[in-house]
Amino acid sequence: MGKPVPGSRRFDGVLFDMDGTLLDTLADIAVAINSVLAAEGLPELSLPLCRRLLGEGTQALVTRALAFTGAAPRPVADLIDRYRSRYSRCWHDHSAPYPEIRELLHRLAAARMSLAVLSNKADDFAREMAGTLLPDGGFTVVRGELPGVPRKP
């Protein structure tokens with residue numbers, strides 16, 4: 001690295017999101033949410049629509065999916081549990097790092113950057129996925145959504 005430009009700032013770390021940033025997880029998320037919808041007799045959602053419904057965690061995904069199908073409002077706690085159960089069995093079927101992510105992480109680590117993940121995915125899934133799909137990612141911390149802890153913006 002060259003000399004810093006006056007007034008510039010050198011960063012010591014990078015904080016990544018997981019879904020749609022490090023990992024392409026869309027197909028497995030779609031399988032899980034469509035499984036829940038089908039069990040309720042509701043229409044399945046396309047991949048592009050699932051992509052639009054993502055963000056802000058599992059509760060938001062389930063709530064948005066139900067609203068999009070035109071389903072009558074209903075409690076979502078059981079549907080969230082069913083989504084998590086299904087996702088726990090399929091998250092590794094298609095999910096993978098985006099091309100060149102491993103190389104990017106390697107270069108950042110070689111530059112002595114601290115690397116971390118902050119996701120709205122449930123904490124257990126976030127940690128398991130990072131450990132399985134990016135085992136050499138060099139993350140100092142992987143954190144997902146936890147009960148009683150505010151989600152990331």
# chains A, B, ... in the order shown; residues from 1 in each chain; ligands from 1
$ residues_around --residues "stretch 130-137 of chain A" --least-positions-apart "2" --cutoff "7 Å" --atoms "only C-alpha atoms" --output "PyMOL selection string"
chain A and resi 96-97+102+105+126-128+139
$ write_last_selection --atoms "C-alpha atoms" --output "mmCIF file, in the first residue's frame"
data_model
loop_
_atom_site.group_PDB
_atom_site.id
_atom_site.type_symbol
_atom_site.label_atom_id
_atom_site.label_comp_id
_atom_site.auth_asym_id
_atom_site.auth_seq_id
_atom_site.Cartn_x
_atom_site.Cartn_y
_atom_site.Cartn_z
ATOM 1 C CA ALA A 96 -22.673 -21.052 -2.583
ATOM 2 C CA PRO A 97 -20.257 -18.142 -2.450
ATOM 3 C CA ARG A 102 -13.050 -16.478 -1.727
ATOM 4 C CA LEU A 105 -11.595 -12.563 1.351
ATOM 5 C CA ALA A 126 -25.371 -17.540 9.700
ATOM 6 C CA ARG A 127 -22.598 -19.187 11.721
ATOM 7 C CA GLU A 128 -23.161 -22.639 10.214
ATOM 8 C CA PHE A 139 -13.947 -14.036 9.900
#
$ residues_around --residues "A:Pro147" --least-positions-apart "3" --cutoff "10 Å" --atoms "only C-alpha atoms" --output "VMD selection string"
chain A and resid 122 to 123 150 to 151
$ atom_distance --atom1 "atom CA of A:Pro99" --atom2 "atom CA of A:Tyr83"
27.5 Å
$ closest_residue --among "A:Gly57, A:Ala116, A:Gly138, A:Arg143" --to "A:Val14" --atoms "only C-alpha atoms"
A:Ala116
$ atom_distance --atom1 "atom CA of A:Ala60" --atom2 "atom CA of A:Ala72"
16.1 Å
$ atom_distance --atom1 "atom CA of A:Ser114" --atom2 "atom CA of A:Asp24"
22.4 Å
$ decode --residues "stretch 3-37 of chain A" --atoms "N, CA, C and O atoms" --output "compact mmCIF listing (two decimals), in the first residue's frame"
# COMPACT_ATOMS: atom_id res chain seq x y z
N LYS A 3 1.50 5.53 0.46
CA LYS A 3 1.25 6.47 1.55
C LYS A 3 -0.20 6.91 1.50
O LYS A 3 -0.77 7.09 0.43
N PRO A 4 -0.80 7.11 2.69
CA PRO A 4 -2.18 7.58 2.70
C PRO A 4 -2.28 8.99 2.11
O PRO A 4 -1.37 9.80 2.27
N VAL A 5 -3.34 9.24 1.42
CA VAL A 5 -3.61 10.56 0.89
C VAL A 5 -4.06 11.44 2.06
O VAL A 5 -4.87 11.00 2.88
N PRO A 6 -3.51 12.67 2.19
CA PRO A 6 -3.94 13.54 3.30
C PRO A 6 -5.47 13.66 3.31
O PRO A 6 -6.10 13.84 2.28
N GLY A 7 -6.02 13.54 4.51
CA GLY A 7 -7.47 13.63 4.66
C GLY A 7 -8.19 12.32 4.40
O GLY A 7 -9.39 12.21 4.63
N SER A 8 -7.47 11.30 3.91
CA SER A 8 -8.12 10.01 3.68
C SER A 8 -8.09 9.20 4.96
O SER A 8 -7.37 9.50 5.89
N ARG A 9 -8.81 8.14 4.98
CA ARG A 9 -8.89 7.29 6.16
C ARG A 9 -8.58 5.86 5.75
O ARG A 9 -9.12 5.35 4.78
N ARG A 10 -7.76 5.20 6.51
CA ARG A 10 -7.46 3.79 6.28
C ARG A 10 -8.36 2.98 7.18
O ARG A 10 -8.47 3.25 8.37
N PHE A 11 -8.98 1.99 6.62
CA PHE A 11 -9.86 1.12 7.38
C PHE A 11 -9.11 -0.14 7.78
O PHE A 11 -8.26 -0.63 7.04
N ASP A 12 -9.45 -0.67 8.93
CA ASP A 12 -8.80 -1.87 9.44
C ASP A 12 -9.66 -3.11 9.29
O ASP A 12 -9.20 -4.21 9.60
N GLY A 13 -10.89 -2.94 8.86
CA GLY A 13 -11.76 -4.09 8.77
C GLY A 13 -12.88 -3.88 7.78
O GLY A 13 -13.14 -2.77 7.33
N VAL A 14 -13.53 -5.01 7.46
CA VAL A 14 -14.67 -4.99 6.55
C VAL A 14 -15.78 -5.83 7.18
O VAL A 14 -15.55 -6.95 7.63
N LEU A 15 -16.98 -5.27 7.20
CA LEU A 15 -18.17 -5.94 7.72
C LEU A 15 -19.06 -6.29 6.54
O LEU A 15 -19.46 -5.40 5.80
N PHE A 16 -19.33 -7.59 6.37
CA PHE A 16 -20.11 -8.06 5.23
C PHE A 16 -21.51 -8.48 5.67
O PHE A 16 -21.69 -9.02 6.76
N ASP A 17 -22.47 -8.30 4.78
CA ASP A 17 -23.75 -8.97 4.87
C ASP A 17 -23.53 -10.37 4.30
O ASP A 17 -22.51 -10.64 3.67
N MET A 18 -24.46 -11.28 4.51
CA MET A 18 -24.28 -12.64 4.02
C MET A 18 -25.09 -12.89 2.75
O MET A 18 -24.54 -13.07 1.68
N ASP A 19 -26.41 -12.93 2.88
CA ASP A 19 -27.28 -13.25 1.75
C ASP A 19 -27.21 -12.16 0.69
O ASP A 19 -27.42 -10.99 0.97
N GLY A 20 -26.88 -12.56 -0.51
CA GLY A 20 -26.84 -11.62 -1.61
C GLY A 20 -25.57 -10.79 -1.67
O GLY A 20 -25.42 -9.95 -2.55
N THR A 21 -24.65 -11.01 -0.73
CA THR A 21 -23.38 -10.29 -0.73
C THR A 21 -22.23 -11.30 -0.82
O THR A 21 -21.51 -11.32 -1.79
N LEU A 22 -22.09 -12.12 0.21
CA LEU A 22 -21.07 -13.17 0.19
C LEU A 22 -21.60 -14.43 -0.48
O LEU A 22 -20.88 -15.09 -1.22
N LEU A 23 -22.84 -14.77 -0.17
CA LEU A 23 -23.41 -16.04 -0.61
C LEU A 23 -24.66 -15.83 -1.45
O LEU A 23 -25.52 -15.01 -1.13
N ASP A 24 -24.76 -16.63 -2.49
CA ASP A 24 -25.99 -16.70 -3.29
C ASP A 24 -26.86 -17.76 -2.64
O ASP A 24 -26.63 -18.96 -2.81
N THR A 25 -27.83 -17.33 -1.86
CA THR A 25 -28.69 -18.23 -1.09
C THR A 25 -30.13 -18.23 -1.58
O THR A 25 -30.98 -18.90 -1.01
N LEU A 26 -30.40 -17.48 -2.63
CA LEU A 26 -31.78 -17.26 -3.07
C LEU A 26 -32.54 -18.55 -3.36
O LEU A 26 -33.69 -18.70 -2.93
N ALA A 27 -31.96 -19.47 -4.09
CA ALA A 27 -32.69 -20.68 -4.49
C ALA A 27 -33.14 -21.49 -3.27
O ALA A 27 -34.28 -21.97 -3.22
N ASP A 28 -32.28 -21.62 -2.27
CA ASP A 28 -32.65 -22.40 -1.08
C ASP A 28 -33.68 -21.66 -0.23
O ASP A 28 -34.57 -22.29 0.35
N ILE A 29 -33.58 -20.35 -0.15
CA ILE A 29 -34.60 -19.58 0.57
C ILE A 29 -35.94 -19.74 -0.13
O ILE A 29 -36.98 -19.94 0.51
N ALA A 30 -35.94 -19.69 -1.46
CA ALA A 30 -37.18 -19.84 -2.22
C ALA A 30 -37.79 -21.23 -2.01
O ALA A 30 -39.01 -21.36 -1.85
N VAL A 31 -36.97 -22.26 -1.99
CA VAL A 31 -37.48 -23.61 -1.74
C VAL A 31 -38.18 -23.66 -0.39
O VAL A 31 -39.28 -24.19 -0.25
N ALA A 32 -37.54 -23.09 0.63
CA ALA A 32 -38.11 -23.14 1.99
C ALA A 32 -39.40 -22.35 2.10
O ALA A 32 -40.39 -22.84 2.64
N ILE A 33 -39.42 -21.12 1.58
CA ILE A 33 -40.65 -20.31 1.71
C ILE A 33 -41.76 -20.90 0.85
O ILE A 33 -42.93 -20.94 1.25
N ASN A 34 -41.43 -21.41 -0.33
CA ASN A 34 -42.46 -22.01 -1.18
C ASN A 34 -43.02 -23.29 -0.57
O ASN A 34 -44.19 -23.61 -0.76
N SER A 35 -42.22 -24.01 0.17
CA SER A 35 -42.69 -25.20 0.88
C SER A 35 -43.74 -24.82 1.92
O SER A 35 -44.78 -25.48 2.05
N VAL A 36 -43.48 -23.74 2.64
CA VAL A 36 -44.43 -23.25 3.65
C VAL A 36 -45.72 -22.78 2.97
O VAL A 36 -46.82 -23.11 3.42
N LEU A 37 -45.59 -22.04 1.90
CA LEU A 37 -46.77 -21.54 1.19
C LEU A 37 -47.60 -22.68 0.63
O LEU A 37 -48.83 -22.69 0.74
